[in-house]
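A.B. asks: Okay, handing you the structure first.
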Amino acid sequence: MKSLKMFLCSIILLCSIQYLLGQSRWTNVYFPYEDTWGEYFIESYDKGYLLTGKHGHNYVHYLWLIKTDINGEILWEKTFGEPNSFFGLYFLDENDKGEIYLSGSTSYYDPYRDPIIMKLNACGEKIWCRVFNIPNHYDYAHSIVATDDGGCAVILRYTGVAPPQTDRICLAKFDSDGNLQWKQCYNSLDTNLINEDSRSLLITQDKGFLITAGCDYLDTLVTNKYWIKPYIIKTDSLGNFQWETVVHSNDSSNVGGDAWTTTINPSGQFYYTSISHYYHDPTINKPALVKLDLNGNVIAIYNIISGYENGGLAYAQFINDSIMAADCGWGNSMDEVIDYATLIDTLGNLVDTTQLIQDIYGSKLCIGYDQKLVYMYNTYQNDQFDVYLRKLNYNLEDDTIYTIPFTYDSLCPYQIVSDTIVQDDCGLIVGIEEPGSGEAGKQGSREAGKRGILEVWPNPARDQLHGRLSMDSLSASWRNGRFNRDLSLVIYDIFGREIQKIKIPDGQNEVQINVEGFPQGIYLAVVKDENQYVGSAKFVVAR
């Protein structure tokens with residue numbers, strides 16, 4: 001009898017412990033004894049989380065990537081960088097193989113920051129990295145997404161050197177092996193638009209890309225007066241421009257806003273863009289939602305909150321067909337703005353809200369596999385920054401931790417170690433724009449490769465590329481429609497490696513180039529007269 005009582009007491013005690021564990025609240029702070037900042041995070045394939053950020057006392061030289069379990073407990077950590085150069089990791093994404101893509105900037109190859117894209121395998125080991133090296137110019141890689149073919153697409157910001165308003169928003173596509181397949185820049189033909197500034201990148205249902213951005217737009221009633229307005233760009237799967245939308249572009253008044261992220265509703269019929277809705281006279285900023293159709297036409301704009309003069313909406317994501325979770329902030333002044341976890345419907349009505357934390361410095365949102373809401377935010381307390389993860393359920397209550405076991409990092413065949421990754425041995429992409437041209441060729445145009453003496457087509461090419469030579473009257477080598485000496489045509493890949501060399505005999509002005517065995521990507525054809533540059537053309541090999 002005594003043994004039975006002891007057994008029952010043990011069962012009750014065990015159940016009580018499990019109940020208390022199950023009721024533990026889901027909030028985590030990382031590296032609380034260091035000045036720490038979180039940059040971005042996503043849910044991993046195994047239901048854990050991947051976070052990027054910085055350690056304050058090592059910043060700007062070192063950053064970190066941490067992997068947590070489903071309850072936010074750290075499983076492993078990777079440190080990035082080395083002591084003599086700047087390194088910033090801003091965004092990441094993961095594919096179904098557990099491979100991780102990271103984007104940011106580095107001064108490892110140039111004292112000015114260059115865009116860097118890095119790929120890790122499922123064990124957190126560096127596979128390759130690429131750097132767009134533009135000397136003496138500040139630019140960097142921004143939002144990155146993993147694509148279905150195993151590669152990635154990444155936004156490049158501020159890559160234009162001269163004039164300064166060009167190439168502020170570009171998109172680059174890499175294959176799984178790090179080969180640059182294409183790079184496209186989006187310089188609007190709308191002369192009222194300047195200072196484009198990208199915020200986020202989304203893969204659309206047709207495998208194209210949607211770039212959420214802001215811009216300065218000219219007030220047609222006031223000379224040289226510009227207002228911030230939401231700016232959306234849509235491309236196809238090859239990065240070719242399809243359409244652009246400037247919200248409130250037809251409004252000559254001071255109404256505008258800044259856009260942050262865009263999502264698509266579950267039925268795939270509409271885009272919803274999170275913005276800060278600006279009313280500049282008087283200065284009022286409201287959290288708002290812009291509804292667009294698939295062609296970029298604005299259907300409606302919904303202000304989320306009234307009665308406050310400052311605020312914004314970011315990271316709205318659908319939980320179900322009719323409800324979105326979001327990070328939403330508002331207050332009576334910029335110093336009083338507080339971030340809230342919010343639920344809103346597709347008409348912009350506020351369904352529910354809860355304050356995240358005071359002294360907040362922005363937050364980011366991820367909807368988990370279980371439809372729970374996970375927020376990452378930074379706070380400033382006791383003279384240092386701290387980064388938190390906080391998980392809420394559908395009722396915006398603090399979620400409880402999972403007590404059932406999960407298997408993590410199953411795509412890595414061995415134990416993952418925490419170590420340091422240096423941004424060395426990166427393939428440098430130094431630019432293959434043709435000399436004497438300030439304008440990149442556009443794919444699919446026969447004239448795209450023309451640069452003085454060489455034009456190539458079709459572009460993109462698959463099997464055969466045709467080249468034709470011509471020349472202006474200034475060349476001493478050109479007589480009666482032909483060259484009077486032998487030439488060489490040399491093909492280089494994106495990293496400057498010689499792929500093929502073709503002799504062009506005296507008198508011949510056309511050449512056939514077999515590209516059937518070329519990997520998909522961008523190439524440069526250079527014509528040389530002995531060892532001197534004569535002309536060149538860029539072309540794309542597509543598969």
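Every chain in the structure tokens takes a letter, A first, then B, and so on in the order presented; its residues are numbered from 1, and the ligands are numbered from 1 following the presented order.
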Do a neighbour search on range 92-100 of chain A at 9 Å with only C-alpha atoms, toss out local chain neighbours closer than 3 positions, and write the hits as a PyMOL selection string.
C.D. replies: chain A and resi 40-46+50-52+89+103+118-124+143-148+150-152+409+411-412
A.B. asks: Can I get the selection written as a short mmCIF file (atom, residue, chain, number, x, y, z; two decimals), in the first residue's frame, with C-alpha atoms?
C.D. replies:
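This is the output file selection-v9.cif:
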```cif
data_model
loop_
_atom_site.label_atom_id
_atom_site.label_comp_id
_atom_site.auth_asym_id
_atom_site.auth_seq_id
_atom_site.Cartn_x
_atom_site.Cartn_y
_atom_site.Cartn_z
CA TYR A 40 17.22 39.15 -39.48
CA PHE A 41 15.77 35.71 -38.85
CA ILE A 42 13.81 32.91 -40.52
CA GLU A 43 12.28 29.58 -39.57
CA SER A 44 14.58 26.70 -40.57
CA TYR A 45 13.56 23.49 -42.35
CA ASP A 46 13.60 21.56 -39.05
CA LEU A 50 18.24 31.00 -37.90
CA LEU A 51 19.26 34.48 -36.74
CA THR A 52 21.93 36.91 -37.92
CA LEU A 89 25.30 40.33 -42.77
CA SER A 103 23.86 38.78 -48.03
CA MET A 118 27.73 33.77 -49.25
CA LYS A 119 26.45 30.21 -49.35
CA LEU A 120 26.72 27.71 -46.50
CA ASN A 121 25.90 24.03 -46.67
CA ALA A 122 23.49 22.31 -44.28
CA CYS A 123 26.35 21.95 -41.79
CA GLY A 124 26.96 25.69 -41.66
CA SER A 143 17.38 41.20 -49.40
CA ILE A 144 18.10 37.66 -50.59
CA VAL A 145 15.80 34.76 -51.50
CA ALA A 146 16.56 31.11 -52.25
CA THR A 147 15.13 30.04 -55.62
CA ASP A 148 13.59 26.74 -56.68
CA GLY A 150 18.91 25.74 -55.81
CA GLY A 151 20.34 29.20 -56.45
CA CYS A 152 19.45 32.60 -55.08
CA ASP A 409 20.02 19.52 -38.50
CA LEU A 411 20.45 17.25 -43.41
CA CYS A 412 23.96 17.46 -41.95
#
```
A.B. asks: Quick one: which range 337-434 of chain A residues come within 7 Å of range 130-135 of chain A, and what is the nearest atom pair for each with the distance in Å to one decimal, counting only C-alpha atoms, rows ordered by chain and ascending number, as a Markdown table?
C.D. replies:
```
| residue | atom | partner | partner_atom | distance |
| --- | --- | --- | --- | --- |
| A:Cys426 | CA | A:Arg130 | CA | 5.1 |
| A:Gly427 | CA | A:Arg130 | CA | 4.8 |
| A:Leu428 | CA | A:Val131 | CA | 5.0 |
| A:Ile429 | CA | A:Phe132 | CA | 4.7 |
| A:Val430 | CA | A:Asn133 | CA | 5.0 |
```
A.B. asks: Could you tell me which of A:Gln371, A:His277, A:Leu343, A:Leu350 comes closest to Leu396 in chain A if we count only C-alpha atoms?
C.D. replies: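 Between A:Gln371, A:His277, A:Leu343, A:Leu350, the residue approaching Leu396 in chain A most closely is A:Leu343.
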A.B. asks: Name the residues of range 270-472 of chain A that fall into strand (DSSP E or B) according to DSSP on the backbone, using the chain letters and numbers of this document, as JSON, numbers by chain.
C.D. replies: {"A": [270, 271, 272, 273, 274, 275, 276, 277, 278, 279, 280, 283, 284, 285, 286, 287, 288, 289, 290, 291, 292, 293, 298, 299, 300, 301, 302, 303, 310, 311, 312, 313, 314, 315, 316, 317, 318, 323, 324, 325, 326, 327, 328, 329, 330, 331, 338, 339, 340, 341, 342, 343, 344, 345, 350, 351, 352, 353, 354, 355, 360, 361, 362, 363, 364, 365, 366, 367, 373, 374, 375, 376, 377, 378, 379, 380, 381, 384, 385, 386, 387, 388, 389, 390, 391, 392, 398, 400, 420, 421, 427, 428, 429, 454, 455, 456, 457, 461, 464, 465, 466, 467, 468, 469]}
A.B. asks: Closest to Tyr408 in chain A among A:His137, A:Arg157, A:Lys54, A:Lys67, using only C-alpha atoms?
C.D. replies: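 The shortest atom-to-atom distance to Tyr408 in chain A comes from A:Lys67.
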A.B. asks: Give me the residues near range 534-543 of chain A as a ChimeraX atom specification, where near means some atom within 6 Å (using only C-alpha atoms) and where sequence neighbours in that chain fewer than 4 positions away do not count.
C.D. replies: /A:434,449,453-454,459-462,520-528
A.B. asks: Quick one: distance from CA of Leu392 in chain A to CA of Gln317 in chain A in Å, one decimal?
C.D. replies: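 For CA of Leu392 in chain A relative to CA of Gln317 in chain A, the distance reads 14.3 Å.
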A.B. asks: Which polymer residues have any atom within 12 Å of an atom of Val29 in chain A, counting only C-alpha atoms, with same-chain residues fewer than 2 positions away left out, as a PyMOL selection string?
C.D. replies: chain A and resi 26-27+31-38+68+71-74+375-379+385-390
A.B. asks: Which polymer residues have any atom within 12 Å of an atom of Ile211 in chain A, counting only C-alpha atoms, with same-chain residues fewer than 5 positions away left out, as number ranges by chain?
C.D. replies: A: 142-145, 153-157, 169-171, 185-186, 196-204, 230-236, 239, 241-245, 259-263, 271, 273, 296
A.B. asks: With N, CA and C atoms retained, could you export that selection as a short mmCIF file (atom, residue, chain, number, x, y, z; two decimals), in the first residue's frame?
C.D. replies:
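The resulting file, out_0.cif, is shown below:
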```
data_model
loop_
_atom_site.label_atom_id
_atom_site.label_comp_id
_atom_site.auth_asym_id
_atom_site.auth_seq_id
_atom_site.Cartn_x
_atom_site.Cartn_y
_atom_site.Cartn_z
N HIS A 142 21.47 43.43 -50.37
CA HIS A 142 20.36 43.60 -49.43
C HIS A 142 19.55 42.30 -49.36
N SER A 143 18.25 42.37 -49.56
CA SER A 143 17.38 41.20 -49.40
C SER A 143 17.79 40.06 -50.34
N ILE A 144 17.71 38.84 -49.82
CA ILE A 144 18.10 37.66 -50.59
C ILE A 144 17.03 36.59 -50.44
N VAL A 145 16.76 35.85 -51.53
CA VAL A 145 15.80 34.76 -51.50
C VAL A 145 16.40 33.55 -52.18
N ALA A 153 18.51 34.77 -55.51
CA ALA A 153 18.42 36.11 -56.10
C ALA A 153 18.62 37.11 -54.98
N VAL A 154 19.31 38.21 -55.29
CA VAL A 154 19.67 39.17 -54.25
C VAL A 154 19.57 40.58 -54.81
N ILE A 155 19.10 41.49 -53.98
CA ILE A 155 19.06 42.91 -54.35
C ILE A 155 20.43 43.52 -54.10
N LEU A 156 20.91 44.31 -55.05
CA LEU A 156 22.12 45.10 -54.91
C LEU A 156 21.73 46.56 -54.83
N ARG A 157 22.28 47.27 -53.84
CA ARG A 157 21.90 48.66 -53.62
C ARG A 157 23.07 49.59 -53.92
N ILE A 169 18.89 50.36 -57.56
CA ILE A 169 18.23 49.08 -57.28
C ILE A 169 18.57 48.12 -58.42
N CYS A 170 19.31 47.07 -58.11
CA CYS A 170 19.63 46.02 -59.09
C CYS A 170 19.28 44.67 -58.48
N LEU A 171 19.11 43.69 -59.36
CA LEU A 171 18.81 42.33 -58.94
C LEU A 171 19.78 41.39 -59.62
N CYS A 185 19.42 45.98 -63.64
CA CYS A 185 19.22 47.19 -62.85
C CYS A 185 17.97 47.90 -63.35
N TYR A 186 17.30 48.57 -62.43
CA TYR A 186 15.99 49.15 -62.73
C TYR A 186 16.04 50.66 -62.52
N GLU A 196 15.60 56.06 -55.34
CA GLU A 196 14.98 54.77 -55.06
C GLU A 196 15.77 54.03 -53.97
N ASP A 197 15.04 53.37 -53.09
CA ASP A 197 15.70 52.70 -51.96
C ASP A 197 14.95 51.41 -51.65
N SER A 198 15.53 50.26 -52.00
CA SER A 198 14.85 48.98 -51.86
C SER A 198 14.75 48.54 -50.40
N ARG A 199 13.68 47.81 -50.09
CA ARG A 199 13.43 47.33 -48.73
C ARG A 199 13.39 45.80 -48.63
N SER A 200 12.72 45.15 -49.58
CA SER A 200 12.58 43.69 -49.46
C SER A 200 12.31 43.07 -50.82
N LEU A 201 12.46 41.75 -50.87
CA LEU A 201 12.35 40.99 -52.12
C LEU A 201 11.41 39.80 -51.90
N LEU A 202 10.53 39.58 -52.87
CA LEU A 202 9.55 38.50 -52.80
C LEU A 202 9.54 37.73 -54.11
N ILE A 203 9.54 36.39 -54.04
CA ILE A 203 9.33 35.56 -55.23
C ILE A 203 7.83 35.45 -55.46
N THR A 204 7.40 35.76 -56.68
CA THR A 204 5.98 35.76 -57.00
C THR A 204 5.54 34.39 -57.50
N PRO A 230 5.69 55.12 -51.65
CA PRO A 230 5.95 53.69 -51.85
C PRO A 230 6.21 53.39 -53.32
N TYR A 231 7.16 52.50 -53.56
CA TYR A 231 7.59 52.18 -54.92
C TYR A 231 7.73 50.67 -55.05
N ILE A 232 7.01 50.07 -56.01
CA ILE A 232 6.99 48.62 -56.20
C ILE A 232 7.47 48.30 -57.62
N ILE A 233 8.37 47.31 -57.76
CA ILE A 233 8.88 46.88 -59.06
C ILE A 233 8.60 45.39 -59.23
N LYS A 234 8.08 45.00 -60.39
CA LYS A 234 7.83 43.59 -60.70
C LYS A 234 8.68 43.19 -61.91
N THR A 235 9.34 42.02 -61.82
CA THR A 235 10.13 41.48 -62.92
C THR A 235 9.67 40.06 -63.24
N ASP A 236 10.15 39.54 -64.37
CA ASP A 236 9.91 38.14 -64.66
C ASP A 236 11.02 37.30 -64.02
N GLY A 239 14.56 38.45 -64.41
CA GLY A 239 14.86 39.79 -63.94
C GLY A 239 14.48 40.89 -64.89
N PHE A 241 12.35 43.68 -66.50
CA PHE A 241 11.34 44.58 -65.96
C PHE A 241 9.98 44.32 -66.57
N GLN A 242 8.94 44.29 -65.72
CA GLN A 242 7.57 44.13 -66.20
C GLN A 242 6.71 45.35 -65.90
N TRP A 243 6.70 45.80 -64.64
CA TRP A 243 5.95 47.01 -64.32
C TRP A 243 6.49 47.64 -63.04
N GLU A 244 6.13 48.90 -62.85
CA GLU A 244 6.46 49.61 -61.62
C GLU A 244 5.24 50.41 -61.18
N THR A 245 5.11 50.61 -59.87
CA THR A 245 4.02 51.39 -59.31
C THR A 245 4.56 52.33 -58.26
N ALA A 259 7.50 52.30 -48.09
CA ALA A 259 7.06 50.91 -48.13
C ALA A 259 8.12 50.01 -47.51
N TRP A 260 7.69 48.91 -46.90
CA TRP A 260 8.62 48.04 -46.18
C TRP A 260 8.62 46.62 -46.71
N THR A 261 7.50 45.95 -46.70
CA THR A 261 7.44 44.57 -47.21
C THR A 261 6.13 44.38 -47.96
N THR A 262 6.11 43.34 -48.81
CA THR A 262 4.90 42.99 -49.55
C THR A 262 4.65 41.50 -49.41
N THR A 263 3.40 41.13 -49.29
CA THR A 263 3.00 39.72 -49.24
C THR A 263 1.87 39.52 -50.24
N TYR A 271 -1.59 41.69 -54.05
CA TYR A 271 -0.44 42.01 -53.21
C TYR A 271 -0.87 42.97 -52.11
N THR A 273 0.99 45.56 -49.41
CA THR A 273 2.26 46.21 -49.05
C THR A 273 2.10 46.98 -47.75
N GLY A 296 -0.06 45.61 -60.52
CA GLY A 296 0.47 46.77 -59.82
C GLY A 296 -0.49 47.92 -59.68
#
```
A.B. asks: Give me the residues within 12 Å of range 268-270 of chain A as a count of residues only, counting only C-alpha atoms and dropping any in the same chain fewer than 3 places off.
C.D. replies: 22
A.B. asks: Which residue out of A:Asp352, A:Ala316, A:Asn195, A:Pro287 has the minimum interatomic distance to Val337 in chain A when only C-alpha atoms are used?
C.D. replies: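 Ranking A:Asp352, A:Ala316, A:Asn195, A:Pro287 by distance to Val337 in chain A, first place goes to A:Pro287.
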A.B. asks: So which residues touch Val255 in chain A within 12 Å, counting only C-alpha atoms, skipping near sequence neighbours fewer than 2 positions away, as a VMD selection string?
C.D. replies: chain A and resid 216 to 219 226 to 230 246 to 253 257 to 258 276 to 286 301
